[in-house]
Amino acid sequence: MPSVDQLHALLAWLAVAGALALVGAAILTASRHDESYRLLDRSILVQVGTLAMAALSGLALPVVSGSLPRDPLHFLYAAVGLLVAPAVRYGTRAGDARRMGRWQVVAAAVVLGAVLRLFMTGR
C-alpha cells in the first residue's frame, strides 16, 4: 500500500497532466478549432479536480508525517493553480470563443508554471 507521500506525488503528476490538457484545450479554442466551450470547460474541471485531489492528499501529510513543505510558498502556488483557470473562464464568459481561448492559454501557462513550481517547493 502506498504511503501518503507517494500518493501525493502520484496525484501531483496527474495535476501536471491536467494542466497540460488545459493548455491543449485552450490552444484549440483560441485557434478556432473548437467553437464549443465544452472541451475547454471539461479541461478546466479536470485540471482543478486533479490539483484539488493532490492538494487534499498534501493536507494530510502534516497530520501523518508531522512535517510541512520546506517552503511556505507551496501553499500559494497550490492556490494559484486551483483558482486561475476558473477565474479567467468566469472573467471571459461574455466574450467569443477565440478571445476566451487566448486568455485561457495565458491562464493555462500560469497554472502549468504554478504546478511545476509546486515540485520545487515541496519536500
# chains A, B, ... in the order shown; residues from 1 in each chain; ligands from 1
>>> closest_atom_pairs(of="segment 48-69 of chain A", to="segment 5-29 of chain A", cutoff="7 Å", atoms="only C-alpha atoms", output="CSV")
residue,atom,partner,partner_atom,distance
A:Thr50,CA,A:Ala15,CA,4.8
A:Leu51,CA,A:Ala15,CA,4.9
A:Met53,CA,A:Leu11,CA,6.7
A:Ala54,CA,A:Leu11,CA,4.8
A:Ser57,CA,A:His8,CA,5.5
A:Gly58,CA,A:His8,CA,5.9
A:Leu61,CA,A:Asp5,CA,6.8
>>> residues_around(residues="Arg117 of chain A", least_positions_apart="5", cutoff="12 Å", atoms="only C-alpha atoms", output="PDB file with all heavy atoms, in the first residue's frame")
ATOM      1  N   ALA A  12       0.208  14.604  -7.829  1.00  0.00           N
ATOM      2  CA  ALA A  12       0.859  15.803  -8.356  1.00  0.00           C
ATOM      3  C   ALA A  12       1.194  15.623  -9.835  1.00  0.00           C
ATOM      4  O   ALA A  12       1.031  16.559 -10.636  1.00  0.00           O
ATOM      5  CB  ALA A  12       2.114  16.114  -7.557  1.00  0.00           C
ATOM      6  N   VAL A  16      -0.124  17.693 -13.220  1.00  0.00           N
ATOM      7  CA  VAL A  16       0.659  18.169 -14.375  1.00  0.00           C
ATOM      8  C   VAL A  16      -0.054  17.772 -15.667  1.00  0.00           C
ATOM      9  O   VAL A  16      -0.194  18.580 -16.593  1.00  0.00           O
ATOM     10  CB  VAL A  16       2.100  17.613 -14.349  1.00  0.00           C
ATOM     11  CG1 VAL A  16       2.824  17.913 -15.655  1.00  0.00           C
ATOM     12  CG2 VAL A  16       2.877  18.183 -13.169  1.00  0.00           C
ATOM     13  N   ASP A  71       9.018  25.083   1.873  1.00  0.00           N
ATOM     14  CA  ASP A  71       8.799  26.488   1.518  1.00  0.00           C
ATOM     15  C   ASP A  71       7.308  26.801   1.668  1.00  0.00           C
ATOM     16  O   ASP A  71       6.470  26.139   1.051  1.00  0.00           O
ATOM     17  CB  ASP A  71       9.255  26.721   0.079  1.00  0.00           C
ATOM     18  CG  ASP A  71       9.282  28.172  -0.331  1.00  0.00           C
ATOM     19  OD1 ASP A  71       8.689  29.005   0.378  1.00  0.00           O
ATOM     20  OD2 ASP A  71       9.915  28.478  -1.358  1.00  0.00           O
ATOM     21  N   LEU A  73       5.646  28.985   0.324  1.00  0.00           N
ATOM     22  CA  LEU A  73       5.064  29.361  -0.965  1.00  0.00           C
ATOM     23  C   LEU A  73       4.363  28.187  -1.639  1.00  0.00           C
ATOM     24  O   LEU A  73       3.588  28.385  -2.579  1.00  0.00           O
ATOM     25  CB  LEU A  73       6.137  29.930  -1.889  1.00  0.00           C
ATOM     26  CG  LEU A  73       6.641  31.326  -1.546  1.00  0.00           C
ATOM     27  CD1 LEU A  73       7.800  31.703  -2.450  1.00  0.00           C
ATOM     28  CD2 LEU A  73       5.523  32.341  -1.661  1.00  0.00           C
ATOM     29  N   HIS A  74       4.632  26.985  -1.182  1.00  0.00           N
ATOM     30  CA  HIS A  74       3.977  25.793  -1.721  1.00  0.00           C
ATOM     31  C   HIS A  74       2.453  25.955  -1.658  1.00  0.00           C
ATOM     32  O   HIS A  74       1.742  25.619  -2.614  1.00  0.00           O
ATOM     33  CB  HIS A  74       4.426  24.567  -0.918  1.00  0.00           C
ATOM     34  CG  HIS A  74       4.088  23.258  -1.528  1.00  0.00           C
ATOM     35  ND1 HIS A  74       4.743  22.745  -2.619  1.00  0.00           N
ATOM     36  CD2 HIS A  74       3.157  22.335  -1.185  1.00  0.00           C
ATOM     37  CE1 HIS A  74       4.235  21.572  -2.923  1.00  0.00           C
ATOM     38  NE2 HIS A  74       3.260  21.289  -2.070  1.00  0.00           N
ATOM     39  N   PHE A  75       1.963  26.519  -0.562  1.00  0.00           N
ATOM     40  CA  PHE A  75       0.528  26.720  -0.395  1.00  0.00           C
ATOM     41  C   PHE A  75       0.005  27.799  -1.345  1.00  0.00           C
ATOM     42  O   PHE A  75      -1.100  27.689  -1.877  1.00  0.00           O
ATOM     43  CB  PHE A  75       0.207  27.076   1.058  1.00  0.00           C
ATOM     44  CG  PHE A  75       0.579  25.989   2.019  1.00  0.00           C
ATOM     45  CD1 PHE A  75       1.643  26.156   2.886  1.00  0.00           C
ATOM     46  CD2 PHE A  75      -0.117  24.795   2.049  1.00  0.00           C
ATOM     47  CE1 PHE A  75       1.997  25.149   3.768  1.00  0.00           C
ATOM     48  CE2 PHE A  75       0.230  23.784   2.928  1.00  0.00           C
ATOM     49  CZ  PHE A  75       1.292  23.960   3.786  1.00  0.00           C
ATOM     50  N   LEU A  76       0.796  28.840  -1.578  1.00  0.00           N
ATOM     51  CA  LEU A  76       0.403  29.907  -2.508  1.00  0.00           C
ATOM     52  C   LEU A  76       0.315  29.373  -3.938  1.00  0.00           C
ATOM     53  O   LEU A  76      -0.643  29.662  -4.653  1.00  0.00           O
ATOM     54  CB  LEU A  76       1.391  31.070  -2.431  1.00  0.00           C
ATOM     55  CG  LEU A  76       1.138  32.208  -3.416  1.00  0.00           C
ATOM     56  CD1 LEU A  76      -0.182  32.911  -3.099  1.00  0.00           C
ATOM     57  CD2 LEU A  76       2.288  33.185  -3.411  1.00  0.00           C
ATOM     58  N   TYR A  77       1.310  28.591  -4.342  1.00  0.00           N
ATOM     59  CA  TYR A  77       1.288  28.023  -5.695  1.00  0.00           C
ATOM     60  C   TYR A  77       0.097  27.092  -5.884  1.00  0.00           C
ATOM     61  O   TYR A  77      -0.506  27.051  -6.968  1.00  0.00           O
ATOM     62  CB  TYR A  77       2.591  27.289  -6.002  1.00  0.00           C
ATOM     63  CG  TYR A  77       3.797  28.185  -6.038  1.00  0.00           C
ATOM     64  CD1 TYR A  77       4.971  27.832  -5.399  1.00  0.00           C
ATOM     65  CD2 TYR A  77       3.771  29.407  -6.701  1.00  0.00           C
ATOM     66  CE1 TYR A  77       6.084  28.653  -5.427  1.00  0.00           C
ATOM     67  CE2 TYR A  77       4.871  30.237  -6.730  1.00  0.00           C
ATOM     68  CZ  TYR A  77       6.027  29.857  -6.095  1.00  0.00           C
ATOM     69  OH  TYR A  77       7.116  30.680  -6.132  1.00  0.00           O
ATOM     70  N   ALA A  78      -0.253  26.349  -4.855  1.00  0.00           N
ATOM     71  CA  ALA A  78      -1.427  25.484  -4.944  1.00  0.00           C
ATOM     72  C   ALA A  78      -2.696  26.308  -5.127  1.00  0.00           C
ATOM     73  O   ALA A  78      -3.548  25.973  -5.959  1.00  0.00           O
ATOM     74  CB  ALA A  78      -1.528  24.611  -3.699  1.00  0.00           C
ATOM     75  N   VAL A  80      -2.904  29.333  -6.431  1.00  0.00           N
ATOM     76  CA  VAL A  80      -2.862  29.898  -7.789  1.00  0.00           C
ATOM     77  C   VAL A  80      -3.299  28.847  -8.800  1.00  0.00           C
ATOM     78  O   VAL A  80      -4.119  29.121  -9.688  1.00  0.00           O
ATOM     79  CB  VAL A  80      -1.447  30.437  -8.116  1.00  0.00           C
ATOM     80  CG1 VAL A  80      -1.290  30.737  -9.599  1.00  0.00           C
ATOM     81  CG2 VAL A  80      -1.154  31.679  -7.294  1.00  0.00           C
ATOM     82  N   GLY A  81      -2.772  27.646  -8.672  1.00  0.00           N
ATOM     83  CA  GLY A  81      -3.131  26.575  -9.595  1.00  0.00           C
ATOM     84  C   GLY A  81      -4.605  26.220  -9.561  1.00  0.00           C
ATOM     85  O   GLY A  81      -5.199  25.873 -10.579  1.00  0.00           O
ATOM     86  N   ALA A 109      -0.853  28.624 -18.997  1.00  0.00           N
ATOM     87  CA  ALA A 109       0.595  28.759 -18.796  1.00  0.00           C
ATOM     88  C   ALA A 109       0.907  29.099 -17.339  1.00  0.00           C
ATOM     89  O   ALA A 109       1.862  28.568 -16.756  1.00  0.00           O
ATOM     90  CB  ALA A 109       1.156  29.824 -19.732  1.00  0.00           C
ATOM     91  N   VAL A 110       0.102  29.979 -16.756  1.00  0.00           N
ATOM     92  CA  VAL A 110       0.294  30.325 -15.341  1.00  0.00           C
ATOM     93  C   VAL A 110       0.044  29.103 -14.463  1.00  0.00           C
ATOM     94  O   VAL A 110       0.815  28.810 -13.535  1.00  0.00           O
ATOM     95  CB  VAL A 110      -0.634  31.504 -14.941  1.00  0.00           C
ATOM     96  CG1 VAL A 110      -0.642  31.704 -13.436  1.00  0.00           C
ATOM     97  CG2 VAL A 110      -0.207  32.777 -15.652  1.00  0.00           C
ATOM     98  N   VAL A 111      -1.015  28.365 -14.750  1.00  0.00           N
ATOM     99  CA  VAL A 111      -1.338  27.168 -13.971  1.00  0.00           C
ATOM    100  C   VAL A 111      -0.223  26.132 -14.104  1.00  0.00           C
ATOM    101  O   VAL A 111       0.219  25.553 -13.103  1.00  0.00           O
ATOM    102  CB  VAL A 111      -2.694  26.580 -14.420  1.00  0.00           C
ATOM    103  CG1 VAL A 111      -2.893  25.179 -13.871  1.00  0.00           C
ATOM    104  CG2 VAL A 111      -3.828  27.490 -13.988  1.00  0.00           C
ATOM    105  N   LEU A 112       0.229  25.904 -15.324  1.00  0.00           N
ATOM    106  CA  LEU A 112       1.300  24.926 -15.528  1.00  0.00           C
ATOM    107  C   LEU A 112       2.563  25.357 -14.787  1.00  0.00           C
ATOM    108  O   LEU A 112       3.226  24.534 -14.145  1.00  0.00           O
ATOM    109  CB  LEU A 112       1.583  24.739 -17.018  1.00  0.00           C
ATOM    110  CG  LEU A 112       2.613  23.680 -17.384  1.00  0.00           C
ATOM    111  CD1 LEU A 112       2.189  22.310 -16.870  1.00  0.00           C
ATOM    112  CD2 LEU A 112       2.812  23.645 -18.890  1.00  0.00           C
ATOM    113  N   GLY A 122       8.105  21.692  -2.576  1.00  0.00           N
ATOM    114  CA  GLY A 122       7.640  20.636  -1.679  1.00  0.00           C
ATOM    115  C   GLY A 122       8.778  20.118  -0.818  1.00  0.00           C
ATOM    116  O   GLY A 122       9.680  20.849  -0.419  1.00  0.00           O
TER     117      GLY A 122
END
>>> residues_around(residues="Arg93 of chain A", least_positions_apart="4", cutoff="12 Å", atoms="only C-alpha atoms", output="list in words")
Tyr37, Leu40, Asp41, Pro86, Ala87, Val88, Arg89, Ala97, Arg98, Arg99, Met100, Gly101, Trp103 and Gln104 of chain A
>>> write_last_selection(atoms="C-alpha atoms", output="PDB file, in the first residue's frame")
ATOM      1  CA  TYR A  37     -16.744  25.645 -24.809  1.00  0.00           C
ATOM      2  CA  LEU A  40     -12.343  23.952 -22.553  1.00  0.00           C
ATOM      3  CA  ASP A  41     -14.778  23.656 -19.657  1.00  0.00           C
ATOM      4  CA  PRO A  86     -11.787  29.109 -13.306  1.00  0.00           C
ATOM      5  CA  ALA A  87     -11.364  32.838 -12.570  1.00  0.00           C
ATOM      6  CA  VAL A  88     -10.250  33.573 -16.135  1.00  0.00           C
ATOM      7  CA  ARG A  89     -13.090  31.436 -17.507  1.00  0.00           C
ATOM      8  CA  ALA A  97     -14.515  31.638 -28.234  1.00  0.00           C
ATOM      9  CA  ARG A  98     -11.237  32.953 -29.655  1.00  0.00           C
ATOM     10  CA  ARG A  99     -10.926  35.668 -27.023  1.00  0.00           C
ATOM     11  CA  MET A 100     -11.732  33.213 -24.259  1.00  0.00           C
ATOM     12  CA  GLY A 101      -9.261  30.734 -25.699  1.00  0.00           C
ATOM     13  CA  TRP A 103      -6.986  34.269 -22.224  1.00  0.00           C
ATOM     14  CA  GLN A 104      -7.152  30.608 -21.247  1.00  0.00           C
TER      15      GLN A 104
END
>>> decode(residues="segment 72-107 of chain A", atoms="N, CA, C and O atoms", output="PDB file, in the first residue's frame")
ATOM      1  N   PRO A  72       6.944  27.818   2.451  1.00  0.00           N
ATOM      2  CA  PRO A  72       5.522  28.153   2.616  1.00  0.00           C
ATOM      3  C   PRO A  72       4.850  28.600   1.315  1.00  0.00           C
ATOM      4  O   PRO A  72       3.628  28.582   1.215  1.00  0.00           O
ATOM      5  N   LEU A  73       5.646  28.985   0.324  1.00  0.00           N
ATOM      6  CA  LEU A  73       5.064  29.361  -0.965  1.00  0.00           C
ATOM      7  C   LEU A  73       4.363  28.187  -1.639  1.00  0.00           C
ATOM      8  O   LEU A  73       3.588  28.385  -2.579  1.00  0.00           O
ATOM      9  N   HIS A  74       4.632  26.985  -1.182  1.00  0.00           N
ATOM     10  CA  HIS A  74       3.977  25.793  -1.721  1.00  0.00           C
ATOM     11  C   HIS A  74       2.453  25.955  -1.658  1.00  0.00           C
ATOM     12  O   HIS A  74       1.742  25.619  -2.614  1.00  0.00           O
ATOM     13  N   PHE A  75       1.963  26.519  -0.562  1.00  0.00           N
ATOM     14  CA  PHE A  75       0.528  26.720  -0.395  1.00  0.00           C
ATOM     15  C   PHE A  75       0.005  27.799  -1.345  1.00  0.00           C
ATOM     16  O   PHE A  75      -1.100  27.689  -1.877  1.00  0.00           O
ATOM     17  N   LEU A  76       0.796  28.840  -1.578  1.00  0.00           N
ATOM     18  CA  LEU A  76       0.403  29.907  -2.508  1.00  0.00           C
ATOM     19  C   LEU A  76       0.315  29.373  -3.938  1.00  0.00           C
ATOM     20  O   LEU A  76      -0.643  29.662  -4.653  1.00  0.00           O
ATOM     21  N   TYR A  77       1.310  28.591  -4.342  1.00  0.00           N
ATOM     22  CA  TYR A  77       1.288  28.023  -5.695  1.00  0.00           C
ATOM     23  C   TYR A  77       0.097  27.092  -5.884  1.00  0.00           C
ATOM     24  O   TYR A  77      -0.506  27.051  -6.968  1.00  0.00           O
ATOM     25  N   ALA A  78      -0.253  26.349  -4.855  1.00  0.00           N
ATOM     26  CA  ALA A  78      -1.427  25.484  -4.944  1.00  0.00           C
ATOM     27  C   ALA A  78      -2.696  26.308  -5.127  1.00  0.00           C
ATOM     28  O   ALA A  78      -3.548  25.973  -5.959  1.00  0.00           O
ATOM     29  N   ALA A  79      -2.809  27.405  -4.389  1.00  0.00           N
ATOM     30  CA  ALA A  79      -3.985  28.276  -4.535  1.00  0.00           C
ATOM     31  C   ALA A  79      -4.043  28.896  -5.923  1.00  0.00           C
ATOM     32  O   ALA A  79      -5.112  28.960  -6.538  1.00  0.00           O
ATOM     33  N   VAL A  80      -2.904  29.333  -6.431  1.00  0.00           N
ATOM     34  CA  VAL A  80      -2.862  29.898  -7.789  1.00  0.00           C
ATOM     35  C   VAL A  80      -3.299  28.847  -8.800  1.00  0.00           C
ATOM     36  O   VAL A  80      -4.119  29.121  -9.688  1.00  0.00           O
ATOM     37  N   GLY A  81      -2.772  27.646  -8.672  1.00  0.00           N
ATOM     38  CA  GLY A  81      -3.131  26.575  -9.595  1.00  0.00           C
ATOM     39  C   GLY A  81      -4.605  26.220  -9.561  1.00  0.00           C
ATOM     40  O   GLY A  81      -5.199  25.873 -10.579  1.00  0.00           O
ATOM     41  N   LEU A  82      -5.199  26.334  -8.395  1.00  0.00           N
ATOM     42  CA  LEU A  82      -6.625  25.996  -8.257  1.00  0.00           C
ATOM     43  C   LEU A  82      -7.548  27.112  -8.741  1.00  0.00           C
ATOM     44  O   LEU A  82      -8.649  26.836  -9.224  1.00  0.00           O
ATOM     45  N   LEU A  83      -7.137  28.356  -8.632  1.00  0.00           N
ATOM     46  CA  LEU A  83      -8.063  29.464  -8.850  1.00  0.00           C
ATOM     47  C   LEU A  83      -7.939  30.181 -10.189  1.00  0.00           C
ATOM     48  O   LEU A  83      -8.919  30.769 -10.656  1.00  0.00           O
ATOM     49  N   VAL A  84      -6.782  30.149 -10.820  1.00  0.00           N
ATOM     50  CA  VAL A  84      -6.555  30.988 -12.003  1.00  0.00           C
ATOM     51  C   VAL A  84      -7.456  30.598 -13.176  1.00  0.00           C
ATOM     52  O   VAL A  84      -8.138  31.456 -13.753  1.00  0.00           O
ATOM     53  N   ALA A  85      -7.473  29.338 -13.565  1.00  0.00           N
ATOM     54  CA  ALA A  85      -8.244  28.938 -14.747  1.00  0.00           C
ATOM     55  C   ALA A  85      -9.749  29.191 -14.580  1.00  0.00           C
ATOM     56  O   ALA A  85     -10.372  29.764 -15.478  1.00  0.00           O
ATOM     57  N   PRO A  86     -10.361  28.801 -13.457  1.00  0.00           N
ATOM     58  CA  PRO A  86     -11.787  29.109 -13.306  1.00  0.00           C
ATOM     59  C   PRO A  86     -12.061  30.617 -13.250  1.00  0.00           C
ATOM     60  O   PRO A  86     -13.076  31.080 -13.773  1.00  0.00           O
ATOM     61  N   ALA A  87     -11.160  31.388 -12.647  1.00  0.00           N
ATOM     62  CA  ALA A  87     -11.364  32.838 -12.570  1.00  0.00           C
ATOM     63  C   ALA A  87     -11.297  33.477 -13.954  1.00  0.00           C
ATOM     64  O   ALA A  87     -12.117  34.344 -14.286  1.00  0.00           O
ATOM     65  N   VAL A  88     -10.353  33.038 -14.770  1.00  0.00           N
ATOM     66  CA  VAL A  88     -10.250  33.573 -16.135  1.00  0.00           C
ATOM     67  C   VAL A  88     -11.451  33.133 -16.961  1.00  0.00           C
ATOM     68  O   VAL A  88     -11.983  33.917 -17.745  1.00  0.00           O
ATOM     69  N   ARG A  89     -11.899  31.909 -16.782  1.00  0.00           N
ATOM     70  CA  ARG A  89     -13.090  31.436 -17.507  1.00  0.00           C
ATOM     71  C   ARG A  89     -14.300  32.281 -17.132  1.00  0.00           C
ATOM     72  O   ARG A  89     -15.077  32.688 -17.991  1.00  0.00           O
ATOM     73  N   TYR A  90     -14.444  32.571 -15.856  1.00  0.00           N
ATOM     74  CA  TYR A  90     -15.558  33.406 -15.415  1.00  0.00           C
ATOM     75  C   TYR A  90     -15.407  34.831 -15.958  1.00  0.00           C
ATOM     76  O   TYR A  90     -16.380  35.434 -16.403  1.00  0.00           O
ATOM     77  N   GLY A  91     -14.213  35.350 -15.947  1.00  0.00           N
ATOM     78  CA  GLY A  91     -13.983  36.713 -16.418  1.00  0.00           C
ATOM     79  C   GLY A  91     -14.187  36.891 -17.908  1.00  0.00           C
ATOM     80  O   GLY A  91     -14.473  38.002 -18.369  1.00  0.00           O
ATOM     81  N   THR A  92     -14.053  35.831 -18.689  1.00  0.00           N
ATOM     82  CA  THR A  92     -14.196  35.934 -20.140  1.00  0.00           C
ATOM     83  C   THR A  92     -15.478  35.273 -20.643  1.00  0.00           C
ATOM     84  O   THR A  92     -15.614  35.023 -21.841  1.00  0.00           O
ATOM     85  N   ARG A  93     -16.424  35.038 -19.760  1.00  0.00           N
ATOM     86  CA  ARG A  93     -17.637  34.306 -20.136  1.00  0.00           C
ATOM     87  C   ARG A  93     -18.473  35.021 -21.185  1.00  0.00           C
ATOM     88  O   ARG A  93     -19.198  34.398 -21.935  1.00  0.00           O
ATOM     89  N   ALA A  94     -18.388  36.340 -21.267  1.00  0.00           N
ATOM     90  CA  ALA A  94     -19.224  37.089 -22.205  1.00  0.00           C
ATOM     91  C   ALA A  94     -18.571  37.245 -23.575  1.00  0.00           C
ATOM     92  O   ALA A  94     -19.219  37.696 -24.508  1.00  0.00           O
ATOM     93  N   GLY A  95     -17.320  36.865 -23.724  1.00  0.00           N
ATOM     94  CA  GLY A  95     -16.617  37.048 -24.994  1.00  0.00           C
ATOM     95  C   GLY A  95     -16.826  35.908 -25.958  1.00  0.00           C
ATOM     96  O   GLY A  95     -17.492  34.914 -25.664  1.00  0.00           O
ATOM     97  N   ASP A  96     -16.229  36.056 -27.127  1.00  0.00           N
ATOM     98  CA  ASP A  96     -16.316  34.986 -28.117  1.00  0.00           C
ATOM     99  C   ASP A  96     -15.282  33.900 -27.791  1.00  0.00           C
ATOM    100  O   ASP A  96     -14.452  34.051 -26.898  1.00  0.00           O
ATOM    101  N   ALA A  97     -15.349  32.809 -28.531  1.00  0.00           N
ATOM    102  CA  ALA A  97     -14.515  31.638 -28.234  1.00  0.00           C
ATOM    103  C   ALA A  97     -13.034  31.939 -28.400  1.00  0.00           C
ATOM    104  O   ALA A  97     -12.216  31.508 -27.590  1.00  0.00           O
ATOM    105  N   ARG A  98     -12.662  32.662 -29.436  1.00  0.00           N
ATOM    106  CA  ARG A  98     -11.237  32.953 -29.655  1.00  0.00           C
ATOM    107  C   ARG A  98     -10.664  33.787 -28.522  1.00  0.00           C
ATOM    108  O   ARG A  98      -9.563  33.541 -28.049  1.00  0.00           O
ATOM    109  N   ARG A  99     -11.408  34.799 -28.115  1.00  0.00           N
ATOM    110  CA  ARG A  99     -10.926  35.668 -27.023  1.00  0.00           C
ATOM    111  C   ARG A  99     -10.784  34.851 -25.742  1.00  0.00           C
ATOM    112  O   ARG A  99      -9.784  34.951 -25.033  1.00  0.00           O
ATOM    113  N   MET A 100     -11.788  34.050 -25.450  1.00  0.00           N
ATOM    114  CA  MET A 100     -11.732  33.213 -24.259  1.00  0.00           C
ATOM    115  C   MET A 100     -10.554  32.247 -24.352  1.00  0.00           C
ATOM    116  O   MET A 100      -9.829  32.042 -23.376  1.00  0.00           O
ATOM    117  N   GLY A 101     -10.361  31.673 -25.508  1.00  0.00           N
ATOM    118  CA  GLY A 101      -9.261  30.734 -25.699  1.00  0.00           C
ATOM    119  C   GLY A 101      -7.903  31.386 -25.513  1.00  0.00           C
ATOM    120  O   GLY A 101      -7.005  30.804 -24.892  1.00  0.00           O
ATOM    121  N   ARG A 102      -7.744  32.605 -26.032  1.00  0.00           N
ATOM    122  CA  ARG A 102      -6.461  33.307 -25.858  1.00  0.00           C
ATOM    123  C   ARG A 102      -6.172  33.569 -24.386  1.00  0.00           C
ATOM    124  O   ARG A 102      -5.051  33.376 -23.923  1.00  0.00           O
ATOM    125  N   TRP A 103      -7.181  34.018 -23.651  1.00  0.00           N
ATOM    126  CA  TRP A 103      -6.986  34.269 -22.224  1.00  0.00           C
ATOM    127  C   TRP A 103      -6.730  32.961 -21.475  1.00  0.00           C
ATOM    128  O   TRP A 103      -5.963  32.925 -20.526  1.00  0.00           O
ATOM    129  N   GLN A 104      -7.374  31.889 -21.918  1.00  0.00           N
ATOM    130  CA  GLN A 104      -7.152  30.608 -21.247  1.00  0.00           C
ATOM    131  C   GLN A 104      -5.766  30.046 -21.553  1.00  0.00           C
ATOM    132  O   GLN A 104      -5.210  29.312 -20.738  1.00  0.00           O
ATOM    133  N   VAL A 105      -5.194  30.376 -22.696  1.00  0.00           N
ATOM    134  CA  VAL A 105      -3.817  29.965 -22.971  1.00  0.00           C
ATOM    135  C   VAL A 105      -2.887  30.607 -21.941  1.00  0.00           C
ATOM    136  O   VAL A 105      -2.000  29.958 -21.386  1.00  0.00           O
ATOM    137  N   VAL A 106      -3.109  31.896 -21.685  1.00  0.00           N
ATOM    138  CA  VAL A 106      -2.306  32.595 -20.671  1.00  0.00           C
ATOM    139  C   VAL A 106      -2.543  31.966 -19.296  1.00  0.00           C
ATOM    140  O   VAL A 106      -1.595  31.692 -18.546  1.00  0.00           O
ATOM    141  N   ALA A 107      -3.811  31.737 -18.961  1.00  0.00           N
ATOM    142  CA  ALA A 107      -4.135  31.138 -17.663  1.00  0.00           C
ATOM    143  C   ALA A 107      -3.526  29.745 -17.543  1.00  0.00           C
ATOM    144  O   ALA A 107      -3.000  29.380 -16.483  1.00  0.00           O
TER     145      ALA A 107
END
